[in-house]
Each structure stands twice: as C-alpha cells, then as structure tokens.
file data30.cif (mmCIF, C-alpha atoms)
data_data
loop_
_atom_site.label_atom_id
_atom_site.label_comp_id
_atom_site.auth_asym_id
_atom_site.auth_seq_id
_atom_site.Cartn_x
_atom_site.Cartn_y
_atom_site.Cartn_z
CA MET A 1 -24.09 4.99 11.72
CA ALA A 2 -20.74 6.68 11.06
CA ALA A 3 -18.59 5.36 8.25
CA THR A 4 -15.49 3.44 9.24
CA LYS A 5 -12.31 5.48 8.91
CA PRO A 6 -10.05 4.36 6.10
CA LYS A 7 -6.83 2.72 7.24
CA VAL A 8 -3.69 4.30 5.81
CA TYR A 9 -0.61 2.09 5.80
CA GLY A 10 2.37 4.40 5.50
CA TYR A 11 5.86 5.22 6.64
CA ALA A 12 6.68 8.44 8.51
CA LYS A 13 9.84 9.10 6.48
CA CYS A 14 8.02 8.64 3.14
CA SER A 15 7.33 11.96 1.42
CA THR A 16 4.58 10.40 -0.71
CA CYS A 17 2.83 9.17 2.44
CA ARG A 18 3.06 12.63 4.00
CA LYS A 19 1.64 14.16 0.82
CA ALA A 20 -1.28 11.70 0.80
CA LEU A 21 -2.04 12.31 4.49
CA ALA A 22 -1.94 16.09 3.93
CA TYR A 23 -4.33 15.67 0.99
CA LEU A 24 -6.77 13.67 3.13
CA LYS A 25 -6.49 16.07 6.06
CA GLY A 26 -7.16 18.98 3.69
CA ARG A 27 -10.45 17.30 2.79
CA ASP A 28 -11.35 16.55 6.42
CA VAL A 29 -11.02 12.79 5.90
CA ALA A 30 -10.38 11.16 9.27
CA VAL A 31 -8.06 8.15 8.94
CA GLU A 32 -6.46 5.47 11.04
CA THR A 33 -2.72 5.42 10.35
CA VAL A 34 -0.65 2.24 10.54
CA ASP A 35 3.15 2.07 10.28
CA ILE A 36 3.69 -0.23 7.30
CA VAL A 37 7.19 -1.14 8.50
CA THR A 38 6.38 -2.19 12.06
CA ALA A 39 2.87 -3.51 11.31
CA PRO A 40 2.66 -4.54 7.64
CA PRO A 41 -0.64 -5.93 6.38
CA SER A 42 -1.02 -9.70 6.57
CA LYS A 43 -0.96 -11.89 3.48
CA ALA A 44 -4.77 -12.18 3.63
CA GLU A 45 -5.16 -8.39 3.97
CA LEU A 46 -2.77 -7.82 1.06
CA GLN A 47 -4.80 -10.23 -1.08
CA ARG A 48 -7.96 -8.32 -0.15
CA ILE A 49 -6.27 -4.99 -0.95
CA GLN A 50 -5.11 -6.28 -4.31
CA LYS A 51 -8.63 -7.37 -5.23
CA LEU A 52 -10.20 -4.11 -4.02
CA ALA A 53 -7.63 -2.00 -5.86
CA GLY A 54 -8.04 -4.07 -9.04
CA VAL A 55 -4.30 -4.21 -9.69
CA PRO A 56 -1.93 -7.10 -10.39
CA VAL A 57 0.14 -8.19 -7.36
CA LYS A 58 3.31 -6.75 -8.90
CA LYS A 59 1.76 -3.26 -8.57
CA LEU A 60 1.86 -3.70 -4.77
CA PHE A 61 5.68 -3.71 -4.82
CA ASN A 62 7.65 -0.56 -4.00
CA THR A 63 9.97 -0.85 -7.00
CA SER A 64 12.08 2.15 -5.93
CA GLY A 65 12.79 0.85 -2.42
CA GLN A 66 15.93 -0.61 -0.91
CA SER A 67 14.23 -3.92 0.01
CA TYR A 68 13.13 -4.37 -3.62
CA ARG A 69 16.67 -3.77 -4.90
CA ASP A 70 18.39 -5.80 -2.18
CA GLY A 71 16.03 -8.73 -2.76
CA ASP A 72 16.55 -8.56 -6.54
CA PHE A 73 12.78 -8.53 -7.00
CA GLY A 74 13.16 -6.86 -10.41
CA LYS A 75 14.31 -10.25 -11.71
CA ARG A 76 12.62 -12.55 -9.20
CA LEU A 77 9.04 -11.27 -9.63
CA ALA A 78 8.79 -12.68 -13.15
CA THR A 79 9.17 -16.24 -11.85
CA MET A 80 7.43 -15.94 -8.46
CA SER A 81 3.96 -17.32 -7.89
CA GLU A 82 1.33 -14.93 -6.53
CA ALA A 83 1.50 -16.78 -3.19
CA GLN A 84 5.28 -16.24 -3.02
CA ALA A 85 4.86 -12.57 -3.91
CA PHE A 86 2.23 -12.06 -1.20
CA ASP A 87 4.43 -13.91 1.32
CA ALA A 88 7.36 -11.60 0.52
CA LEU A 89 5.19 -8.49 0.85
CA ALA A 90 3.70 -9.62 4.18
CA ARG A 91 7.22 -10.26 5.58
CA ASP A 92 8.66 -6.83 4.69
CA GLY A 93 6.55 -3.68 4.85
CA LYS A 94 9.23 -1.71 3.02
CA LEU A 95 8.58 -3.89 -0.04
CA ILE A 96 5.01 -2.58 -0.25
CA LYS A 97 4.16 0.44 -2.38
CA ARG A 98 2.86 3.12 -0.11
CA PRO A 99 0.70 4.59 1.03
CA LEU A 100 -2.04 1.99 1.02
CA VAL A 101 -5.45 3.46 1.76
CA VAL A 102 -7.95 0.77 2.66
CA GLY A 103 -11.65 1.29 3.19
CA LYS A 104 -14.53 -1.12 3.55
CA ASP A 105 -14.99 -1.60 -0.20
CA TYR A 106 -11.97 0.08 -1.81
CA ALA A 107 -8.19 0.29 -1.73
CA LEU A 108 -5.81 2.82 -3.23
CA VAL A 109 -2.16 1.94 -3.86
CA GLY A 110 0.33 4.81 -3.82
CA PHE A 111 -0.71 8.44 -4.12
CA ASP A 112 -2.49 9.43 -7.30
CA GLU A 113 -4.26 12.74 -6.73
CA ALA A 114 -6.87 12.02 -9.43
CA ALA A 115 -7.76 8.66 -7.85
CA TYR A 116 -7.97 10.28 -4.40
CA ALA A 117 -10.16 13.07 -5.79
CA LYS A 118 -12.61 10.49 -7.17
CA ARG A 119 -12.78 8.64 -3.85
CA PHE A 120 -12.78 11.58 -1.42
#
call {"tool": "encode", "arguments": {"input": "data30.cif", "output": "structure tokens"}}
result
Amino acid sequence: MAATKPKVYGYAKCSTCRKALAYLKGRDVAVETVDIVTAPPSKAELQRIQKLAGVPVKKLFNTSGQSYRDGDFGKRLATMSEAQAFDALARDGKLIKRPLVVGKDYALVGFDEAAYAKRF
C-alpha cells in the first residue's frame, strides 16, 4: 500500500514555503498542498500537529507576521491559555508558522533543512 502524501500547509507568497516545496520536489516527495490562509488547520489538527512536532504551542506562531504584530501576541501569549492560543491559530492562518508539513506520524514546523533531511 502506498504511503499517504504529507500535507503541506503553506502560503503561495511565502518564500520559506516555496523553498520547502522546492526541497521536497527535489527529493521526489509528492505532497498535498493546502493554502494555510484560506483553509487553516482546525484547532484539533493544530493540537495534533503540536504533539507530533514535539514543540510548545508558542512555536506554532509566526512571530514575524503582520497578524502576530497586529494582535499584539508578543505580549498576549504569555498570559493566554493553550486553548486560547489554539483558538487564535485556528481562526487566522497567517498567525501560524509556515510551512507545516504533516504526515501520518510526524509534523515539521517551518523549514529547517536538517530536520527535512532526517525525515525525507
């Protein structure tokens, strides 16, 4: 049985997303792409991604993005519950660090070539 293609949540205008997709294509990794802005992952999917990636929820935030700055998340994150943080992420795909690469039993947050090399 063929392995399920990893799902890549990204944004077409994001240079990091384009770099990650080029990396995967260069290694003949077939992926399913999802626009993170128009179809962000649900709260439940984000919780699953966080567990699979083994990172704290704050690492799922795109700290250099406009939504992060406009929402003053730099200050607000310190006092938000995890549930509130996941709610905010699920409401605004631009708040989410990208790309997100999600497989059956793994998730990668952002593009780290060393982490991609280990996985692919």
call {"tool": "resolve_selection", "arguments": {"input": "data30.cif", "expression": "the PyMOL selection byres ((chain A and resi 62-65) around 12)", "output": "VMD selection string"}}
result
chain A and resid 10 14 16 36 57 to 61 66 to 75 77 88 to 89 92 to 100 109 to 110
call {"tool": "atom_distance", "arguments": {"input": "data30.cif", "atom1": "atom CA of A:Val37", "atom2": "atom CA of A:Tyr11"}}
result
6.8 Å
call {"tool": "resolve_selection", "arguments": {"input": "data30.cif", "expression": "the PyMOL selection byres ((chain A and resi 17-25) around 10)", "output": "VMD selection string"}}
result
chain A and resid 8 to 16 26 to 31 33 98 to 101 110 to 113 116 to 117 120
call {"tool": "atom_distance", "arguments": {"input": "data30.cif", "atom1": "atom CA of A:Gln47", "atom2": "atom CA of A:Ala107"}}
result
11.1 Å
call {"tool": "residues_around", "arguments": {"input": "data30.cif", "residues": "A:Asp105", "least_positions_apart": "5", "cutoff": "12 Å", "atoms": "all atoms listed in the file", "output": "list in words"}}
result
Ala3, Thr4, Lys5, Pro6, Lys7, Arg48, Ile49, Gln50, Lys51, Leu52, Ala53, Gly54 and Arg119 of chain A
call {"tool": "atom_distance", "arguments": {"input": "data30.cif", "atom1": "atom CA of A:Ser81", "atom2": "atom CA of A:Val102"}}
result
24.1 Å
call {"tool": "closest_residue", "arguments": {"input": "data30.cif", "among": "A:Leu108, A:Arg91, A:Phe86, A:Ala115", "to": "A:Leu46", "atoms": "all atoms listed in the file"}}
result
A:Phe86
call {"tool": "closest_residue", "arguments": {"input": "data30.cif", "among": "A:Gly103, A:Pro56, A:Ser42, A:Glu32", "to": "A:Glu82", "atoms": "all atoms listed in the file"}}
result
A:Pro56
